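J.: Enclosed is the structure file work.csv (CSV, C-alpha atoms and all ligand atoms).
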```csv
chain,number,residue,atom,x,y,z
W,73,MET,CA,163.2,23.9,18.7
W,74,HIS,CA,162.4,23.0,15.1
W,75,SER,CA,162.9,25.2,12.1
W,76,PRO,CA,160.7,25.9,9.0
W,77,LEU,CA,160.0,22.7,7.0
W,78,ASN,CA,161.5,22.3,3.6
W,79,ARG,CA,158.6,22.6,1.1
W,80,ASP,CA,159.8,19.6,-0.8
W,81,VAL,CA,159.6,17.0,2.0
W,82,PRO,CA,156.9,14.4,1.7
W,83,VAL,CA,154.1,15.2,4.2
W,84,TYR,CA,151.5,12.5,4.9
W,85,VAL,CA,148.1,13.9,6.0
W,86,ALA,CA,146.2,11.0,7.6
W,87,GLY,CA,142.4,11.7,7.4
W,88,HIS,CA,142.6,14.1,4.4
W,89,THR,CA,138.9,13.8,3.5
W,90,GLY,CA,137.8,14.9,7.0
W,91,LEU,CA,137.2,18.4,8.4
W,92,VAL,CA,140.7,18.8,9.8
W,93,GLY,CA,142.7,16.8,7.3
W,94,SER,CA,141.2,18.6,4.3
W,95,ALA,CA,141.9,22.0,5.9
W,96,CYS,CA,145.5,20.9,6.5
W,97,VAL,CA,145.9,19.8,2.8
W,98,ARG,CA,144.5,23.1,1.6
W,99,LEU,CA,147.0,25.0,3.7
W,100,LEU,CA,150.0,22.9,2.9
W,101,ARG,CA,149.3,23.4,-0.9
W,102,ARG,CA,148.8,27.1,-0.4
W,103,ARG,CA,152.1,27.3,1.4
W,104,GLY,CA,154.0,25.6,-1.4
W,105,PHE,CA,154.4,22.0,-0.1
W,106,THR,CA,154.9,20.0,-3.3
W,107,ARG,CA,154.6,16.4,-1.9
W,108,VAL,CA,151.5,16.1,0.1
W,109,VAL,CA,150.8,12.3,0.5
W,110,THR,CA,147.2,11.1,1.1
W,111,ALA,CA,145.2,7.9,0.9
W,112,SER,CA,141.4,7.5,0.8
W,113,SER,CA,139.8,5.0,3.2
W,114,ALA,CA,139.0,2.8,0.1
W,115,GLU,CA,142.8,2.7,-0.6
W,116,LEU,CA,143.9,2.2,3.0
W,117,ASP,CA,142.1,1.2,6.1
W,118,LEU,CA,144.1,2.9,8.8
W,119,ARG,CA,142.8,0.4,11.4
W,120,ASP,CA,144.8,-2.2,9.5
W,121,HIS,CA,148.2,-2.3,11.2
W,122,GLU,CA,150.0,-4.2,8.4
W,123,ALA,CA,148.4,-2.3,5.5
W,124,THR,CA,149.3,1.0,7.2
W,125,ALA,CA,152.9,-0.1,7.8
W,126,GLY,CA,153.2,-1.0,4.1
W,127,PHE,CA,151.8,2.3,3.0
W,128,LEU,CA,154.2,4.3,5.1
W,129,ARG,CA,157.1,2.1,4.0
W,130,ARG,CA,156.2,2.8,0.3
W,131,HIS,CA,155.8,6.6,0.7
W,132,ARG,CA,158.4,7.3,3.4
W,133,PRO,CA,157.0,10.6,4.6
W,134,GLU,CA,159.2,12.8,6.7
W,135,VAL,CA,156.3,14.5,8.4
W,136,VAL,CA,153.0,12.8,9.5
W,137,LEU,CA,150.0,14.9,10.4
W,138,LEU,CA,147.7,12.5,12.2
W,139,ALA,CA,144.3,13.9,11.6
W,140,ALA,CA,142.5,10.6,11.0
W,141,ALA,CA,139.9,9.7,13.6
W,142,ARG,CA,136.4,8.5,14.2
W,143,VAL,CA,134.6,11.7,15.4
W,144,GLY,CA,131.1,12.8,16.2
W,145,GLY,CA,129.0,14.9,18.4
W,146,ILE,CA,127.6,14.1,21.8
W,147,ALA,CA,124.9,11.7,20.6
W,148,ALA,CA,127.3,9.8,18.3
W,149,ASN,CA,129.8,9.4,21.1
W,150,HIS,CA,127.0,8.2,23.5
W,151,ALA,CA,125.6,5.8,21.0
W,152,ALA,CA,128.8,4.0,19.9
W,153,PRO,CA,131.5,4.3,22.6
W,154,ALA,CA,133.0,0.9,21.7
W,155,ASP,CA,133.5,2.0,18.1
W,156,PHE,CA,135.0,5.4,19.2
W,157,LEU,CA,137.4,3.6,21.5
W,158,SER,CA,138.4,0.8,19.2
W,159,ASP,CA,138.6,2.6,15.9
W,160,ASN,CA,140.6,5.5,17.3
W,161,LEU,CA,143.0,3.3,19.2
W,162,ARG,CA,143.6,1.2,16.2
W,163,ILE,CA,144.1,4.1,13.8
W,164,GLN,CA,146.6,5.8,16.2
W,165,LEU,CA,148.5,2.5,16.8
W,166,SER,CA,148.8,1.6,13.2
W,167,ILE,CA,150.2,5.0,12.2
W,168,MET,CA,152.4,5.6,15.1
W,169,ASP,CA,153.9,2.1,15.2
W,170,ALA,CA,154.7,2.3,11.5
W,171,ALA,CA,156.1,5.8,11.9
W,172,ARG,CA,158.2,4.7,14.8
W,173,ALA,CA,159.6,1.7,13.0
W,174,LEU,CA,160.7,4.0,10.1
W,175,ARG,CA,161.9,6.6,12.6
W,176,ILE,CA,159.9,9.3,10.9
W,177,PRO,CA,161.3,12.5,12.5
W,178,ARG,CA,158.2,14.7,12.8
W,179,LEU,CA,154.6,13.6,13.7
W,180,LEU,CA,151.8,15.8,15.0
W,181,PHE,CA,149.0,13.9,16.8
W,182,LEU,CA,145.7,15.7,17.1
W,183,GLY,CA,143.6,15.0,20.2
W,184,SER,CA,140.6,16.9,21.6
W,185,SER,CA,139.8,19.3,24.4
W,186,CYS,CA,137.5,16.5,25.8
W,187,ILE,CA,140.6,14.7,27.1
W,188,TYR,CA,140.7,17.1,30.1
W,189,PRO,CA,138.9,16.3,33.4
W,190,ARG,CA,135.2,17.3,33.4
W,191,ASP,CA,135.4,19.6,36.4
W,192,CYS,CA,138.8,21.2,35.9
W,193,PRO,CA,139.6,24.9,36.4
W,194,GLN,CA,138.7,27.1,33.4
W,195,PRO,CA,140.4,28.2,31.1
W,196,ILE,CA,141.9,24.7,30.9
W,197,HIS,CA,145.7,24.6,31.1
W,198,GLU,CA,147.6,21.7,29.5
W,199,SER,CA,149.0,20.7,32.9
W,200,VAL,CA,145.6,19.5,34.2
W,201,LEU,CA,145.6,16.4,32.0
W,202,LEU,CA,144.9,13.2,34.0
W,203,SER,CA,144.1,15.1,37.2
W,204,GLY,CA,140.5,14.0,37.5
W,205,PRO,CA,137.5,12.0,36.1
W,206,LEU,CA,136.4,12.5,32.5
W,207,GLU,CA,133.0,13.7,31.1
W,208,PRO,CA,130.9,10.5,30.8
W,209,THR,CA,129.3,11.3,27.4
W,210,ASN,CA,132.7,11.1,25.6
W,211,GLU,CA,134.8,9.1,28.0
W,212,ALA,CA,135.7,6.3,25.5
W,213,TYR,CA,136.8,8.8,22.8
W,214,ALA,CA,138.8,10.8,25.4
W,215,VAL,CA,140.5,7.7,26.7
W,216,ALA,CA,141.6,6.7,23.2
W,217,LYS,CA,142.9,10.3,22.6
W,218,ILE,CA,144.7,10.2,26.0
W,219,ALA,CA,146.4,7.0,24.8
W,220,GLY,CA,147.5,8.8,21.7
W,221,VAL,CA,149.1,11.7,23.7
W,222,THR,CA,150.8,9.1,25.9
W,223,GLN,CA,152.1,7.2,22.9
W,224,VAL,CA,153.6,10.4,21.6
W,225,SER,CA,155.3,11.3,24.8
W,226,SER,CA,156.5,7.7,25.3
W,227,VAL,CA,158.1,7.6,21.8
W,228,ARG,CA,159.8,10.9,22.6
W,229,ARG,CA,161.2,9.4,25.8
W,230,GLN,CA,162.1,5.9,24.5
W,231,ASP,CA,163.2,6.7,20.9
W,232,GLY,CA,164.1,10.3,21.0
W,233,LEU,CA,161.8,11.2,18.2
W,234,PRO,CA,160.6,14.8,18.5
W,235,TRP,CA,156.9,14.0,18.0
W,236,ILE,CA,154.2,16.4,19.4
W,237,SER,CA,150.5,16.6,20.2
W,238,ALA,CA,147.9,19.3,19.8
W,239,MET,CA,144.5,19.5,21.6
W,240,PRO,CA,142.0,21.4,19.5
W,241,THR,CA,138.8,22.8,21.0
W,242,ASN,CA,135.4,22.2,19.2
W,243,LEU,CA,136.1,22.7,15.5
W,244,TYR,CA,133.9,23.7,12.6
W,245,GLY,CA,134.2,24.8,8.9
W,246,PRO,CA,133.9,23.6,5.4
W,247,GLY,CA,133.9,19.8,5.0
W,248,ASP,CA,132.1,19.2,8.3
W,249,SER,CA,129.4,16.6,8.9
W,250,PHE,CA,125.9,18.2,9.0
W,251,ASP,CA,124.2,15.0,10.0
W,252,PRO,CA,121.4,16.0,12.3
W,253,GLU,CA,121.8,13.2,14.8
W,254,ARG,CA,125.5,12.4,14.7
W,255,SER,CA,127.3,15.8,14.0
W,256,HIS,CA,128.6,18.4,16.4
W,257,VAL,CA,126.4,21.2,17.7
W,258,LEU,CA,127.5,24.0,15.3
W,259,PRO,CA,126.8,22.2,12.0
W,260,ALA,CA,123.7,20.6,13.5
W,261,LEU,CA,122.3,24.0,14.3
W,262,LEU,CA,123.2,25.5,11.0
W,263,ARG,CA,121.2,22.7,9.3
W,264,LYS,CA,118.3,22.8,11.7
W,265,PHE,CA,117.8,26.6,11.4
W,266,ASP,CA,118.3,26.5,7.7
W,267,GLU,CA,115.6,23.9,7.3
W,268,ALA,CA,113.3,25.8,9.6
W,269,VAL,CA,113.7,28.9,7.4
W,270,ARG,CA,113.0,26.9,4.3
W,271,GLU,CA,110.0,25.1,5.8
W,272,ASP,CA,108.7,28.3,7.4
W,273,ALA,CA,108.7,26.6,10.8
W,274,GLY,CA,107.9,28.8,13.8
W,275,THR,CA,110.1,27.0,16.4
W,276,VAL,CA,113.5,25.3,16.4
W,277,THR,CA,114.3,22.9,19.3
W,278,VAL,CA,117.9,22.8,20.5
W,279,TRP,CA,119.1,19.9,22.6
W,280,GLY,CA,119.8,20.3,26.3
W,281,THR,CA,119.2,23.3,28.5
W,282,GLY,CA,121.2,25.8,26.4
W,283,THR,CA,123.4,26.6,29.4
W,284,PRO,CA,126.6,24.6,28.6
W,285,ARG,CA,129.4,26.8,27.4
W,286,ARG,CA,131.6,25.9,24.4
W,287,GLU,CA,134.5,27.4,22.5
W,288,PHE,CA,134.5,27.1,18.6
W,289,LEU,CA,137.6,27.4,16.4
W,290,HIS,CA,137.4,27.6,12.6
W,291,VAL,CA,139.3,24.7,11.1
W,292,ASP,CA,141.4,26.9,8.8
W,293,ASP,CA,142.8,28.5,12.0
W,294,LEU,CA,143.6,25.0,13.3
W,295,ALA,CA,145.5,24.2,10.1
W,296,GLU,CA,147.7,27.3,10.6
W,297,ALA,CA,148.3,26.2,14.2
W,298,CYS,CA,149.3,22.7,13.1
W,299,LEU,CA,152.0,24.1,10.8
W,300,THR,CA,153.2,26.5,13.5
W,301,LEU,CA,153.6,23.6,15.9
W,302,LEU,CA,155.4,21.4,13.4
W,303,GLU,CA,157.8,24.2,12.6
W,304,HIS,CA,158.3,25.7,16.1
W,305,TYR,CA,157.3,23.4,18.9
W,306,ASP,CA,159.2,20.5,20.4
W,307,ASP,CA,158.1,19.4,23.8
W,308,ASP,CA,156.4,16.6,25.7
W,309,SER,CA,153.3,18.5,26.7
W,310,PRO,CA,150.3,18.6,24.3
W,311,VAL,CA,149.4,22.1,23.2
W,312,ASN,CA,145.9,23.6,23.4
W,313,VAL,CA,144.5,25.2,20.2
W,314,GLY,CA,141.4,27.3,20.6
W,315,THR,CA,140.2,30.9,20.8
W,316,GLY,CA,140.2,31.2,24.6
W,317,GLU,CA,136.6,32.5,24.4
W,318,ASP,CA,133.4,30.6,24.8
W,319,LEU,CA,129.6,31.2,24.7
W,320,THR,CA,126.5,29.3,25.9
W,321,ILE,CA,124.7,27.0,23.5
W,322,ALA,CA,121.7,29.3,23.8
W,323,ALA,CA,123.9,32.2,22.6
W,324,LEU,CA,125.3,30.1,19.8
W,325,ALA,CA,121.7,29.2,18.7
W,326,GLU,CA,120.9,33.0,18.5
W,327,LEU,CA,124.0,33.6,16.4
W,328,VAL,CA,123.1,30.7,14.1
W,329,ALA,CA,119.5,32.0,13.8
W,330,ALA,CA,120.8,35.4,12.8
W,331,THR,CA,123.2,33.9,10.3
W,332,VAL,CA,120.5,32.0,8.5
W,333,GLY,CA,117.8,34.6,8.9
W,334,PHE,CA,115.5,32.6,11.3
W,335,ARG,CA,113.1,34.9,13.2
W,336,GLY,CA,111.0,32.3,15.0
W,337,ARG,CA,111.2,30.9,18.5
W,338,ILE,CA,114.1,28.9,20.0
W,339,ALA,CA,113.1,26.1,22.4
W,340,PHE,CA,115.2,23.7,24.4
W,341,ASP,CA,114.8,20.0,25.0
W,342,PRO,CA,116.4,19.2,28.4
W,343,ARG,CA,115.8,15.5,27.9
W,344,ARG,CA,118.8,15.6,25.6
W,345,PRO,CA,122.2,15.5,27.4
W,346,ASP,CA,124.2,18.8,28.0
W,347,GLY,CA,127.5,17.1,28.3
W,348,THR,CA,130.3,18.9,30.1
W,349,PRO,CA,129.2,22.3,31.5
W,350,ARG,CA,132.2,24.2,30.2
W,351,LYS,CA,135.5,23.6,28.4
W,352,VAL,CA,137.4,26.7,27.3
W,353,LEU,CA,141.1,26.4,26.6
W,354,ASP,CA,144.0,28.3,28.0
W,355,ILE,CA,145.9,29.1,24.8
W,356,SER,CA,148.9,30.9,26.2
W,357,THR,CA,151.3,28.2,25.1
W,358,ILE,CA,150.5,28.5,21.4
W,359,ARG,CA,150.1,32.2,21.6
W,360,ALA,CA,153.7,32.4,22.8
W,361,LEU,CA,154.7,30.7,19.6
W,362,GLY,CA,153.2,33.5,17.5
W,363,TRP,CA,149.9,31.9,16.5
W,364,ALA,CA,146.5,33.5,17.1
W,365,PRO,CA,143.1,32.7,15.8
W,366,ARG,CA,142.0,35.0,12.9
W,367,ILE,CA,138.5,33.9,12.0
W,368,GLY,CA,135.8,35.3,14.4
W,369,LEU,CA,132.8,33.2,15.1
W,370,ALA,CA,130.2,35.4,13.3
W,371,GLU,CA,132.4,35.5,10.2
W,372,GLY,CA,133.2,31.7,10.4
W,373,LEU,CA,129.5,30.9,10.7
W,374,ARG,CA,128.7,33.0,7.6
W,375,SER,CA,131.3,31.3,5.5
W,376,THR,CA,130.5,27.9,6.8
W,377,TYR,CA,126.8,28.5,6.1
W,378,ALA,CA,127.7,29.6,2.6
W,379,TRP,CA,129.7,26.4,2.1
W,380,TYR,CA,126.9,24.3,3.4
W,381,ARG,CA,124.4,26.0,1.1
W,382,GLY,CA,126.7,25.4,-1.9
W,383,ALA,CA,127.1,21.7,-1.0
W,384,GLN,CA,123.3,21.4,-0.7
W,385,GLU,CA,122.9,22.8,-4.2
W,386,VAL,CA,125.3,20.3,-5.6
W,387,VAL,CA,123.3,17.4,-4.0
W,388,VAL,CA,120.0,18.8,-5.3
W,389,ARG,CA,121.2,19.3,-8.8
X,401,LIG,O1,129.1,19.5,19.8
X,401,LIG,P1,128.5,18.6,20.7
X,401,LIG,O2,127.8,17.4,20.1
X,401,LIG,O3,129.7,17.9,21.6
X,401,LIG,O4,127.5,19.3,21.7
X,401,LIG,P2,130.4,18.3,23.0
X,401,LIG,C1,127.7,20.4,22.4
X,401,LIG,C2,126.5,20.9,23.2
X,401,LIG,O5,125.5,21.3,22.3
X,401,LIG,C3,125.8,19.9,24.1
X,401,LIG,C4,124.2,20.9,22.6
X,401,LIG,O6,125.5,20.6,25.3
X,401,LIG,C5,124.5,19.6,23.3
X,401,LIG,O7,123.4,19.2,24.2
X,401,LIG,N1,123.4,20.7,21.4
X,401,LIG,C6,122.3,21.5,21.2
X,401,LIG,C7,123.6,19.9,20.4
X,401,LIG,N2,121.7,21.1,20.0
X,401,LIG,C8,122.5,20.1,19.5
X,401,LIG,C9,122.4,19.4,18.3
X,401,LIG,O8,121.5,19.5,17.5
X,401,LIG,N3,123.5,18.5,18.0
X,401,LIG,C10,124.5,18.4,18.9
X,401,LIG,N4,125.5,17.5,18.6
X,401,LIG,N5,124.6,19.1,20.1
X,401,LIG,C11,132.0,16.6,21.9
X,401,LIG,C12,132.5,15.2,22.2
X,401,LIG,O9,131.4,17.1,23.0
X,401,LIG,O10,133.1,17.5,21.6
X,401,LIG,C13,133.5,14.8,21.2
X,401,LIG,O11,131.4,14.4,22.3
X,401,LIG,C14,134.5,15.8,20.9
X,401,LIG,O12,134.1,13.6,21.7
X,401,LIG,C15,133.9,17.1,20.6
X,401,LIG,O13,135.4,15.9,21.9
X,401,LIG,C16,134.9,18.2,20.3
X,401,LIG,O14,131.2,19.6,22.9
X,401,LIG,O15,129.6,18.1,24.2
```
Render the structure in this file as C-alpha cells.
Ligand code: GFB
T.:
Amino acid sequence: MHSPLNRDVPVYVAGHTGLVGSACVRLLRRRGFTRVVTASSAELDLRDHEATAGFLRRHRPEVVLLAAARVGGIAANHAAPADFLSDNLRIQLSIMDAARALRIPRLLFLGSSCIYPRDCPQPIHESVLLSGPLEPTNEAYAVAKIAGVTQVSSVRRQDGLPWISAMPTNLYGPGDSFDPERSHVLPALLRKFDEAVREDAGTVTVWGTGTPRREFLHVDDLAEACLTLLEHYDDDSPVNVGTGEDLTIAALAELVAATVGFRGRIAFDPRRPDGTPRKVLDISTIRALGWAPRIGLAEGLRSTYAWYRGAQEVVVR
C-alpha cells in the first residue's frame, strides 16, 4: 500500500492539454504539488520513442500520470481505427519503456471502460477483462488500451515496479472536444442543442436509437480518483472509475435539452451506430479506498455548458 505523495516530487502529466490531463494538472496544483512537468505536442511527440526517452531522462519524474491518448467518440473510432490503434500503442510504449528504463517508481495508466467485453454482466467488474469479444465500433482503441493494462501488469511482475491502471467510464467536462462529428456524445449534444436554441430550430436529431445506456463521470472527479489511486492503491488489477449509475441516450438528450433551454422535438437517427448497448461500471474497488464521485450529472452538465459558452465567446471575440 502506498502513502501520500510528497508535494515536492516531480510529477509528469502526459497529455496535459487534453480533457483528463488538464483536470489532473488543475488538481495537482490545487493540492500543492510544486513540480508538475508537462510538454506540449509541439515540444514532444509522444509517439517518438527516442524523443520521449530523452525527455524523461532530462526531467526524471518520480510519478507519471499517463493521460495522453488519441481519443474520440463512436464515429471517430469507426472512421480511423488504424490511427487509434497505432497512435495509442506508440504513445504508451514510448512512455512506459522510458519510465521502465529509469525505474520510475509510480505510474498510473489510464484506460477506458470500452476495454471490457461487449456483452458482459452489468455493472462491469474489473475481473471480466479479456473474458469475451469486444464492441466492434471501438475494438482497435480497446485493444491498444488492453495492451497498456497488460504492459503495466507485466512491468509489475518482471521489474517489481508498483505501477497501476485505472479504467474510467465516459468522461466529460471543461476542455472537452465539442466537434460535432468526432466528439463523444455528451459534448456533441450540448453543442447541437445549443445551436438549435440559437438558430430557433424545431427539431434536434440524435444519433442512433436513443436506447443505449451510458455512464458519465465529470473529469474533476476522475482527477481526484487518480490521486487517490496513486496514493493508496498498489495492485495488478485495473480499477474502475465511474459513478455506478447510467441512463439512456434519450434521457441524456432530455437532460441536455433542459440544460440549454431547448423546447423543441428530439428525433433519433437509427442509421447512425448505437455502439455497445450498456456499459456501467462496478465501482466497489475504488469506493473501498474512500473515493466517491461528487459532481452529479445535472450539475456537471450545467457547469460544462457554462464553460462551453465561455469558450465560444472567446472564439467569437
Ligand atoms: O460517446 P460516444 O461517441 O461513444 O457515443 P461510446 C455514445 C452513444 O451516443 C452512442 C450516441 O450510442 C451514439 O450513437 N449518440 C447520439 C452520439 N448522438 C450522438 C452524437 O451526436 N455524437 C456521438 N458521439 N454519439 C466510446 C468509444 O464509445 O466511448 C471510445 O468509441 C471510448 O473508444 C469512449 O471508449 C469512452 O460510449 O459508444
J.: Could the centre and edge lengths of an axis-aligned box, enclosing all atoms of stretch 213-222 of chain W in the file with 3 Å extra on each side, be given in Å to one decimal as lines of an AutoDock Vina configuration file?
T.:
```
center_x = 143.8
center_y = 9.2
center_z = 24.2
size_x = 20.0
size_y = 11.0
size_z = 11.0
```
J.: Set out as CSV a contact list for chain W and ligand LIG 401 (chain X) with a cut-off of 8 Å, giving each residue of chain W that qualifies its closest atom pair and distance in Å to one decimal, counting all atoms listed in the file, ordered by chain and rising residue number.
T.:
```
residue,atom,partner,partner_atom,distance
W:Val143,CA,X:LIG401,O12,6.6
W:Gly144,CA,X:LIG401,C13,5.9
W:Gly145,CA,X:LIG401,O2,3.3
W:Ile146,CA,X:LIG401,O2,3.7
W:Ala147,CA,X:LIG401,N4,6.2
W:Ala148,CA,X:LIG401,O11,7.3
W:Asn149,CA,X:LIG401,O11,5.4
W:His150,CA,X:LIG401,O11,7.7
W:Ser184,CA,X:LIG401,O13,5.3
W:Ser185,CA,X:LIG401,O13,6.1
W:Cys186,CA,X:LIG401,O13,4.5
W:Ile187,CA,X:LIG401,O13,7.5
W:Thr209,CA,X:LIG401,O11,6.3
W:Asn210,CA,X:LIG401,O12,4.8
W:Glu211,CA,X:LIG401,O12,7.8
W:Tyr213,CA,X:LIG401,O12,5.6
W:Ala214,CA,X:LIG401,O12,6.6
W:Pro240,CA,X:LIG401,C16,7.8
W:Thr241,CA,X:LIG401,C16,6.1
W:Asn242,CA,X:LIG401,C16,4.2
W:Leu243,CA,X:LIG401,C16,6.7
W:Pro252,CA,X:LIG401,O8,6.3
W:Glu253,CA,X:LIG401,N3,6.4
W:Arg254,CA,X:LIG401,N4,6.4
W:Ser255,CA,X:LIG401,N4,5.2
W:His256,CA,X:LIG401,O1,3.6
W:Val257,CA,X:LIG401,C10,3.6
W:Leu258,CA,X:LIG401,O1,6.6
W:Pro259,CA,X:LIG401,N3,7.8
W:Ala260,CA,X:LIG401,O8,4.7
W:Leu261,CA,X:LIG401,O8,5.6
W:Lys264,CA,X:LIG401,O8,7.4
W:Thr277,CA,X:LIG401,N2,7.6
W:Val278,CA,X:LIG401,N2,4.2
W:Trp279,CA,X:LIG401,C6,3.8
W:Gly280,CA,X:LIG401,O7,4.3
W:Thr281,CA,X:LIG401,O7,7.3
W:Gly282,CA,X:LIG401,O6,6.8
W:Thr283,CA,X:LIG401,O6,7.6
W:Pro284,CA,X:LIG401,O6,5.3
W:Arg285,CA,X:LIG401,O6,7.6
W:Arg286,CA,X:LIG401,O14,6.5
W:Ile321,CA,X:LIG401,O5,5.9
W:Arg344,CA,X:LIG401,O7,6.0
W:Pro345,CA,X:LIG401,O7,5.0
W:Asp346,CA,X:LIG401,O6,3.5
W:Gly347,CA,X:LIG401,O15,4.7
W:Thr348,CA,X:LIG401,O15,6.0
W:Pro349,CA,X:LIG401,O6,7.4
```
J.: Counting all atoms listed in the file, which residues have an atom no more than 10 Å from (139.2, 9.0, 26.2) in the file's coordinates? Please list them as JSON, numbers by chain.
T.: {"W": [153, 156, 157, 160, 161, 183, 184, 186, 187, 188, 206, 207, 208, 210, 211, 212, 213, 214, 215, 216, 217, 218, 219, 220]}
J.: Identify which of the residues W:Thr275, W:Pro195, W:Arg366, W:Phe340 lies closest to W:Glu296, counting only C-alpha atoms when measuring atom-to-atom distances.
T.: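 The answer is W:Arg366, which sits nearest to W:Glu296.
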J.: Select, from W:Leu327, W:Val276, W:Ala339, W:Cys192, the residue with the minimum atom-to-atom distance to W:Gly204, counting all atoms listed in the file.
T.: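 Answer, going by the shortest atom-to-atom distance: W:Cys192.
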J.: List the neighbours of W:His131 out to 12 Å using only C-alpha atoms; skip same-chain residues closer than 5 positions along the sequence, and give me the result as an MDAnalysis selection string.
T.: chainID W and resid 81:85 107:111 124:126 136 170:171 174 176
J.: Which one is closest to W:Ala295: W:Phe250, W:Tyr244, W:Trp379, W:Trp235? Count all atoms listed in the file.
T.: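 With all atoms listed in the file as the atom set, the closest residue is W:Tyr244.
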J.: Would you list the residues near (163.5, 7.9, 11.4) (no more than 12 Å away, in the coordinates of the file, using all atoms listed in the file) as an MDAnalysis selection string?
T.: chainID W and resid 128:129 132:136 168:179 227 231:235
J.: Using all atoms listed in the file, which residues sit within 12 Å of W:Asp117 once same-chain residues fewer than 2 positions away are excluded, as a ChimeraX atom specification?
T.: /W:86-87,111-115,119-127,140-141,159,162-164,166-167
J.: Which is closest to W:Ser75 among W:Leu301, W:Leu182, W:Leu99, W:Leu262, if we use all atoms listed in the file?
T.: W:Leu301
J.: To one decimal place in Å, what is the distance between atom CA of W:Ala95 and atom CA of W:Leu137?
T.: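 Between atom CA of W:Ala95 and atom CA of W:Leu137 the gap is 11.7 Å.
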J.: Report, in Å with one decimal, the straight-line distance from atom CA of W:Ser94 to atom CA of W:Ala370.
T.: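 Going from atom CA of W:Ser94 over to atom CA of W:Ala370 covers 22.0 Å.
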J.: Under the rule that only C-alpha atoms are counted, which of W:Leu201, W:Leu180, W:Leu353, W:Leu373 is the nearest residue to W:Ala325?
T.: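 The shortest atom-to-atom distance to W:Ala325 comes from W:Leu373.
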J.: Taking 3 positions as the minimum chain separation for residues in the same chain, which residues sit within 10 Å of W:Val352 when counting all atoms listed in the file? Answer as a ChimeraX atom specification.
T.: /W:185,193-197,241-242,285-288,312,314-319,355
J.: Find the distance between atom CA of W:Pro342 and atom CA of W:Leu324 and write it in Å to one decimal.
T.: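 Pair atom CA of W:Pro342 / atom CA of W:Leu324 returns 16.5 Å.
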J.: Excluding W:Phe105 and any residue of its chain fewer than 5 positions from it, enumerate the residues within 7 Å of it, using all atoms listed in the file, and give them as a list in words.
T.: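 With the cut-off at 7 Å, the set is Arg79, Asp80 and Leu100 of chain W.
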J.: Could the residues in this selection be written to a file with C-alpha atoms, as an mmCIF file, in the frame of the given file?
T.:
```cif
data_model
loop_
_atom_site.group_PDB
_atom_site.id
_atom_site.type_symbol
_atom_site.label_atom_id
_atom_site.label_comp_id
_atom_site.auth_asym_id
_atom_site.auth_seq_id
_atom_site.Cartn_x
_atom_site.Cartn_y
_atom_site.Cartn_z
ATOM 1 C CA ARG W 79 158.600 22.600 1.100
ATOM 2 C CA ASP W 80 159.800 19.600 -0.800
ATOM 3 C CA LEU W 100 150.000 22.900 2.900
#
```
